[in-house]
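Colleague: Pasting upload-v1.csv below, which is CSV, C-alpha atoms.
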chain,number,residue,atom,x,y,z
Q,962,MET,CA,0.0,0.0,0.0
Q,963,SER,CA,1.4,3.4,-1.0
Q,964,MET,CA,-0.3,5.6,1.6
Q,965,LYS,CA,1.5,6.5,4.8
Q,966,TYR,CA,-0.6,7.2,7.9
Q,967,HIS,CA,2.1,7.6,10.5
Q,968,ASN,CA,4.4,10.5,11.4
Q,969,ASP,CA,8.2,10.6,10.7
Q,970,SER,CA,8.9,10.0,14.3
Q,971,TYR,CA,7.5,6.5,14.0
Q,972,ASP,CA,10.0,5.7,11.3
Q,973,ARG,CA,12.8,6.5,13.7
Q,974,ILE,CA,11.9,4.0,16.4
Q,975,SER,CA,13.4,0.5,16.5
Q,976,GLN,CA,11.8,-2.4,14.6
Q,977,GLU,CA,11.3,-4.2,17.9
Q,978,LYS,CA,9.3,-1.3,19.3
Q,979,LYS,CA,7.2,-1.1,16.1
Q,980,ASP,CA,6.5,-4.8,16.2
Q,981,ARG,CA,5.4,-4.5,19.9
Q,982,ILE,CA,3.0,-1.6,19.2
Q,983,LEU,CA,1.6,-3.3,16.1
Q,984,SER,CA,1.0,-6.6,17.8
Q,985,VAL,CA,-0.8,-5.1,20.8
Q,986,ALA,CA,-2.8,-2.7,18.6
Q,987,LEU,CA,-3.8,-5.4,16.2
Q,988,GLU,CA,-5.3,-7.6,19.0
Q,989,GLU,CA,-7.1,-4.6,20.5
Q,990,PHE,CA,-8.6,-3.4,17.2
Q,991,ALA,CA,-9.4,-6.9,16.0
Q,992,THR,CA,-11.3,-7.9,19.2
Q,993,LYS,CA,-13.0,-4.6,20.0
Q,994,GLY,CA,-13.3,-2.8,16.6
Q,995,PHE,CA,-12.3,0.7,15.8
Q,996,ASN,CA,-14.8,2.6,18.0
Q,997,ASN,CA,-14.3,0.5,21.1
Q,998,ALA,CA,-10.6,0.0,20.9
Q,999,ASN,CA,-8.8,1.9,23.7
Q,1000,THR,CA,-5.6,3.7,22.9
Q,1001,ASN,CA,-4.7,4.0,26.6
Q,1002,VAL,CA,-4.8,0.2,26.9
Q,1003,ILE,CA,-2.7,-0.2,23.8
Q,1004,ALA,CA,-0.1,2.2,25.0
Q,1005,GLU,CA,0.1,0.5,28.4
Q,1006,LYS,CA,0.4,-3.0,27.0
Q,1007,ALA,CA,3.0,-1.8,24.5
Q,1008,GLY,CA,5.0,-0.2,27.3
Q,1009,ILE,CA,4.8,3.4,26.0
Q,1010,SER,CA,3.0,6.6,27.0
Q,1011,VAL,CA,-0.2,7.7,25.3
Q,1012,GLY,CA,1.7,10.9,24.5
Q,1013,SER,CA,4.4,9.0,22.6
Q,1014,LEU,CA,1.7,7.0,20.7
Q,1015,PHE,CA,0.2,10.2,19.4
Q,1016,LYS,CA,3.6,11.5,18.4
Q,1017,TYR,CA,3.8,8.6,16.1
Q,1018,PHE,CA,0.2,8.9,14.8
Q,1019,GLU,CA,-1.8,12.0,14.3
Q,1020,ASN,CA,-5.0,10.5,15.5
Q,1021,LYS,CA,-6.7,7.2,16.3
Q,1022,GLU,CA,-7.9,6.8,12.7
Q,1023,ASN,CA,-4.4,7.1,11.3
Q,1024,PHE,CA,-3.2,4.6,13.9
Q,1025,PHE,CA,-5.9,2.2,12.8
Q,1026,LEU,CA,-5.1,2.6,9.2
Q,1027,THR,CA,-1.4,2.0,9.9
Q,1028,ILE,CA,-2.4,-1.4,11.5
Q,1029,VAL,CA,-4.5,-2.3,8.5
Q,1030,ASN,CA,-1.6,-1.3,6.2
Q,1031,TYR,CA,0.7,-3.6,8.1
Q,1032,GLY,CA,-1.7,-6.5,7.6
Q,1033,VAL,CA,-2.5,-6.0,4.0
Q,1034,SER,CA,1.1,-5.4,2.9
Q,1035,GLN,CA,1.7,-9.1,3.6
Q,1036,ILE,CA,-1.0,-10.1,1.2
Q,1037,GLU,CA,0.1,-7.5,-1.4
Q,1038,ALA,CA,3.5,-9.0,-1.7
Q,1039,VAL,CA,2.1,-12.5,-2.3
Q,1040,LEU,CA,-0.4,-11.2,-4.9
Q,1041,SER,CA,2.3,-9.3,-6.8
Q,1042,SER,CA,4.4,-12.5,-7.1
Q,1043,ILE,CA,1.4,-14.5,-8.3
Q,1044,VAL,CA,0.5,-12.0,-11.0
Q,1045,ALA,CA,4.2,-12.0,-12.2
Q,1046,SER,CA,4.4,-15.8,-12.3
Q,1047,GLU,CA,4.1,-17.7,-15.5
Q,1048,ASP,CA,1.7,-20.3,-14.0
Q,1049,ASN,CA,-1.7,-20.9,-15.6
Q,1050,LEU,CA,-4.9,-19.5,-14.0
Q,1051,LEU,CA,-5.7,-22.5,-11.9
Q,1052,ALA,CA,-2.2,-22.8,-10.6
Q,1053,LYS,CA,-2.3,-19.1,-9.6
Q,1054,ILE,CA,-5.7,-19.6,-7.9
Q,1055,GLU,CA,-4.4,-22.7,-6.0
Q,1056,THR,CA,-1.5,-20.6,-4.7
Q,1057,ILE,CA,-4.0,-17.9,-3.5
Q,1058,LEU,CA,-6.2,-20.5,-1.8
Q,1059,ARG,CA,-3.3,-22.1,0.0
Q,1060,THR,CA,-2.0,-18.7,1.0
Q,1061,ILE,CA,-5.5,-17.8,2.4
Q,1062,LEU,CA,-5.6,-20.9,4.6
Q,1063,GLU,CA,-2.1,-20.4,5.9
Q,1064,HIS,CA,-2.4,-16.7,6.4
Q,1065,SER,CA,-5.8,-16.9,8.1
Q,1066,ARG,CA,-4.5,-19.4,10.7
Q,1067,THR,CA,-1.1,-17.7,11.4
Q,1068,ASN,CA,-2.4,-14.2,11.2
Q,1069,GLU,CA,-5.9,-14.6,12.7
Q,1070,ASN,CA,-6.0,-11.1,14.2
Q,1071,ILE,CA,-5.4,-9.5,10.9
Q,1072,VAL,CA,-8.3,-11.4,9.3
Q,1073,LYS,CA,-10.5,-10.6,12.3
Q,1074,LEU,CA,-9.5,-6.9,11.9
Q,1075,TYR,CA,-10.6,-7.0,8.3
Q,1076,ASN,CA,-13.9,-8.7,9.2
Q,1077,GLU,CA,-14.5,-6.2,12.0
Q,1078,MET,CA,-13.8,-3.2,9.9
Q,1079,THR,CA,-16.4,-4.2,7.3
Q,1080,SER,CA,-19.1,-3.6,9.9
Q,1081,GLU,CA,-17.8,-0.2,11.2
Q,1082,GLY,CA,-20.2,2.7,11.0
Q,1083,ASN,CA,-17.6,5.3,10.2
Q,1084,SER,CA,-18.3,6.0,6.5
Q,1085,ASP,CA,-15.2,8.2,6.0
Q,1086,LEU,CA,-13.0,5.6,7.4
Q,1087,ILE,CA,-14.6,2.8,5.4
Q,1088,LYS,CA,-14.1,4.9,2.2
Q,1089,ARG,CA,-10.4,5.3,2.9
Q,1090,LEU,CA,-10.0,1.6,3.8
Q,1091,SER,CA,-11.9,0.3,0.7
Q,1092,SER,CA,-9.9,2.6,-1.6
Q,1093,ASP,CA,-6.6,1.5,-0.1
Q,1094,MET,CA,-7.2,-2.2,0.4
Q,1095,GLU,CA,-9.6,-3.3,-2.3
Q,1096,THR,CA,-7.7,-1.7,-5.1
Q,1097,ILE,CA,-4.8,-4.1,-4.4
Q,1098,SER,CA,-6.8,-7.3,-4.7
Q,1099,ALA,CA,-9.1,-5.9,-7.5
Q,1100,GLU,CA,-6.1,-5.1,-9.7
Q,1101,ALA,CA,-4.4,-8.4,-8.9
Q,1102,TYR,CA,-7.4,-10.5,-9.8
Q,1103,TYR,CA,-8.2,-8.5,-12.8
Q,1104,GLN,CA,-4.7,-9.0,-14.1
Q,1105,VAL,CA,-4.7,-12.7,-13.4
Q,1106,ILE,CA,-8.0,-13.1,-15.3
Q,1107,SER,CA,-6.9,-10.9,-18.2
Q,1108,GLN,CA,-3.7,-12.9,-18.6
Q,1109,ALA,CA,-5.8,-16.1,-18.7
Q,1110,LYS,CA,-8.1,-14.6,-21.2
Q,1111,ALA,CA,-5.3,-13.5,-23.5
Q,1112,ALA,CA,-3.8,-17.0,-23.2
Q,1113,GLY,CA,-7.1,-18.6,-24.2
Q,1114,GLU,CA,-7.6,-20.3,-20.9
Q,1115,VAL,CA,-11.0,-18.9,-20.2
Q,1116,ALA,CA,-14.0,-17.9,-22.2
Q,1117,LYS,CA,-13.6,-14.7,-24.3
Q,1118,ASP,CA,-17.0,-13.3,-23.3
Q,1119,ILE,CA,-16.4,-13.0,-19.6
Q,1120,ASP,CA,-16.1,-9.6,-18.0
Q,1121,GLU,CA,-12.7,-9.5,-16.1
Q,1122,LYS,CA,-13.9,-7.0,-13.6
Q,1123,VAL,CA,-17.1,-8.8,-12.6
Q,1124,PHE,CA,-15.2,-12.1,-12.4
Q,1125,ALA,CA,-12.5,-10.5,-10.3
Q,1126,PHE,CA,-15.2,-9.2,-7.9
Q,1127,ALA,CA,-16.8,-12.7,-7.7
Q,1128,LEU,CA,-13.4,-14.3,-6.9
Q,1129,ASP,CA,-12.6,-11.7,-4.2
Q,1130,ASN,CA,-16.0,-12.4,-2.5
Q,1131,LEU,CA,-15.2,-16.1,-2.5
Q,1132,PHE,CA,-11.7,-15.6,-1.1
Q,1133,MET,CA,-12.9,-13.2,1.5
Q,1134,SER,CA,-15.6,-15.6,2.7
Q,1135,LEU,CA,-13.0,-18.4,2.9
Q,1136,GLN,CA,-10.5,-16.4,4.9
Q,1137,PHE,CA,-13.2,-15.3,7.4
Q,1138,SER,CA,-14.1,-19.0,7.7
Q,1139,TYR,CA,-10.7,-19.8,9.2
Q,1140,ALA,CA,-10.5,-16.8,11.6
Q,1141,SER,CA,-13.9,-15.6,12.7
Q,1142,GLU,CA,-15.8,-17.7,15.2
Q,1143,TYR,CA,-19.1,-17.1,13.4
Q,1144,TYR,CA,-17.8,-18.0,10.0
Q,1145,LYS,CA,-16.0,-21.1,11.5
Q,1146,GLU,CA,-19.3,-22.4,12.9
Q,1147,ARG,CA,-21.0,-21.6,9.6
Q,1148,MET,CA,-18.5,-23.6,7.7
Q,1149,LYS,CA,-18.9,-26.6,10.0
Q,1150,ILE,CA,-22.7,-26.6,9.4
Q,1151,TYR,CA,-22.2,-26.7,5.6
Q,1152,ILE,CA,-19.2,-29.1,5.4
Q,1153,GLY,CA,-18.9,-30.9,8.8
Q,1154,GLU,CA,-17.3,-30.6,12.2
Q,1155,ASP,CA,-14.0,-31.9,10.9
Q,1156,VAL,CA,-13.8,-29.4,8.0
Q,1157,PHE,CA,-10.6,-27.8,9.4
Q,1158,ASP,CA,-8.8,-31.1,9.1
Q,1159,LYS,CA,-9.7,-31.3,5.4
Q,1160,ASP,CA,-7.6,-28.6,3.7
Q,1161,GLU,CA,-6.9,-30.6,0.6
Q,1162,LEU,CA,-10.6,-31.3,0.1
Q,1163,ILE,CA,-11.4,-27.6,0.5
Q,1164,ILE,CA,-8.7,-26.6,-2.0
Q,1165,SER,CA,-9.6,-29.2,-4.6
Q,1166,GLU,CA,-13.3,-28.6,-4.4
Q,1167,MET,CA,-12.8,-24.8,-4.6
Q,1168,LEU,CA,-10.6,-25.3,-7.6
Q,1169,LYS,CA,-13.4,-27.4,-9.3
Q,1170,PHE,CA,-16.0,-24.7,-8.5
Q,1171,ILE,CA,-13.8,-21.9,-9.9
Q,1172,SER,CA,-12.6,-23.8,-12.9
Q,1173,ARG,CA,-16.1,-24.6,-14.0
Q,1174,ALA,CA,-17.1,-21.0,-13.6
Q,1175,PHE,CA,-14.3,-20.0,-15.9
Q,1176,SER,CA,-14.7,-22.9,-18.4
Q,1177,ILE,CA,-14.4,-22.1,-22.1
Q,1178,GLU,CA,-17.7,-23.0,-23.8
Q,1179,SER,CA,-17.4,-25.7,-26.4
Mind converting the file's structure to C-alpha cells?

Modeller:
Amino acid sequence: MSMKYHNDSYDRISQEKKDRILSVALEEFATKGFNNANTNVIAEKAGISVGSLFKYFENKENFFLTIVNYGVSQIEAVLSSIVASEDNLLAKIETILRTILEHSRTNENIVKLYNEMTSEGNSDLIKRLSSDMETISAEAYYQVISQAKAAGEVAKDIDEKVFAFALDNLFMSLQFSYASEYYKERMKIYIGEDVFDKDELIISEMLKFISRAFSIES
C-alpha cells in the first residue's frame, strides 16, 4: 500500500518497538473494533505513553489505518508475485487458496480486523479503507484473469472486472471461515465438524468450482 498514515517519528523507532506496538494494537482493534478499541490500553500494554503514541500517529484513525496497512502489505507481496508468475490460471488460484488458509491461521487477528472493519459505521474511514485495500486485490485478480483470457484459458466473453469481484468475494468468505468464530461455525454446518482437518478437500473442491465458472464453452 502506498499511503503513509504515521508521522516521521514512527520511522525512527526500532523495529522491535514497532512490532510490539503493532502486535498489541492489532489484537485490540481486531477484538474490539475501531470505535471501542482503547488507545490507553494499547499504550500501556506496548510499554509506551499515550503521548508517545500520538507523536507517532496524528489520531486514532491514522493509527488504525497503519495497522490495516501492516496486515494488507503481507498479502500485497504475495499477490504481486502470483501476478508476475508464468503459472496458468488454476495454478495461480491454487496458490492464492493455499495462502489464504495459511495466512488466516497464522495471522488470525489480521483477518479478524478485516472482518471487524467491514461492519464499522464510520463511513469516511470505510471509504479510505476500501480505496486502499480493495484496489490491491481488485487489480491483482483483474490482471490474473486478463492474462488467462489472453492465453485462451478462459471464455472470451467473460467480464474480467465482474469475475474479479466474484473471486474476491469467494476468497474473502474463505479467509473469514478460518479466523472468525461465526464463520467457522457456519463452515462446520455446511461441510462438517472436521472441516478444518480437510484442507486438501477444500482446496480441490474450490478449484473445481472456480474452474467450472471459468470454463471455455465448447

Colleague: Hey, can you check how far CA of Tyr966 in chain Q sits from CA of Phe1024 in chain Q?

Modeller: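 Taking CA of Tyr966 in chain Q and CA of Phe1024 in chain Q, their separation equals 7.0 Å.
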
Colleague: To one decimal place, how far is CA of Leu1058 in chain Q from CA of Gly1113 in chain Q in Å?

Modeller: 22.5 Å

Colleague: Could you please determine the separation between CA of Leu1131 in chain Q and CA of Glu1037 in chain Q in Å, to one decimal place?

Modeller: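 Spanning CA of Leu1131 in chain Q to CA of Glu1037 in chain Q is a straight-line distance of 17.6 Å.
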
Colleague: List as number ranges by chain the protein and nucleic acid residues near range 992-1002 of chain Q, meaning an atom at most 12 Å away when all atoms listed in the file are counted, but skip any in the same chain fewer than 4 places from it.

Modeller: Q: 982, 985-988, 1006-1015, 1018, 1020-1026, 1028-1029, 1069-1083, 1086-1087, 1140-1142

Colleague: Name the closest residue to Asn1130 in chain Q among the candidates Q:Leu983, Q:Ile1150, Q:Ile974, Q:Ala1099; distances are taken between atoms, counting all atoms listed in the file.

Modeller: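 For Asn1130 in chain Q, the nearest of the candidates is Q:Ala1099.
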
Colleague: Need to verify the contact set: Lys1169 in chain Q, 12 Å, all atoms listed in the file, exclusion of same-chain residues closer than 6 positions in sequence. Can you return it as a ChimeraX atom specification?

Modeller: /Q:1051,1054-1055,1162-1163,1175-1176

Colleague: Export, as a PDB file, in the frame of the given file, the selected residues with C-alpha atoms.

Modeller:
ATOM      1  CA  LEU Q1051      -5.700 -22.500 -11.900  1.00  0.00           C
ATOM      2  CA  ILE Q1054      -5.700 -19.600  -7.900  1.00  0.00           C
ATOM      3  CA  GLU Q1055      -4.400 -22.700  -6.000  1.00  0.00           C
ATOM      4  CA  LEU Q1162     -10.600 -31.300   0.100  1.00  0.00           C
ATOM      5  CA  ILE Q1163     -11.400 -27.600   0.500  1.00  0.00           C
ATOM      6  CA  PHE Q1175     -14.300 -20.000 -15.900  1.00  0.00           C
ATOM      7  CA  SER Q1176     -14.700 -22.900 -18.400  1.00  0.00           C
TER       8      SER Q1176
END

Colleague: What's the 8 Å shell around Tyr1103 in chain Q, counting only C-alpha atoms, without same-chain residues fewer than 6 positions away, as a list in words?

Modeller: Glu1121, Lys1122, Phe1124 and Ala1125 of chain Q

Colleague: Go through Q:Ala991, Q:Tyr1144, Q:Phe1132, Q:Ala1112 and flag the residue nearest Met1167 in chain Q, using all atoms listed in the file for the distances.

Modeller: Q:Phe1132

Colleague: With distances taken over all atoms listed in the file, which residue among Q:His1064, Q:Phe1126, Q:Phe990, Q:Ser975 lies nearest Ser1098 in chain Q?

Modeller: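 Selected residue with least distance to Ser1098 in chain Q: Q:Phe1126.
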
Colleague: With 12 Å as the threshold, what does the neighbourhood of (-12.1, -7.8, -16.1) contain in terms of residues, counting only C-alpha atoms? Coordinates are those of the file; answer as a VMD selection string.

Modeller: chain Q and resid 1099 to 1111 1115 to 1128
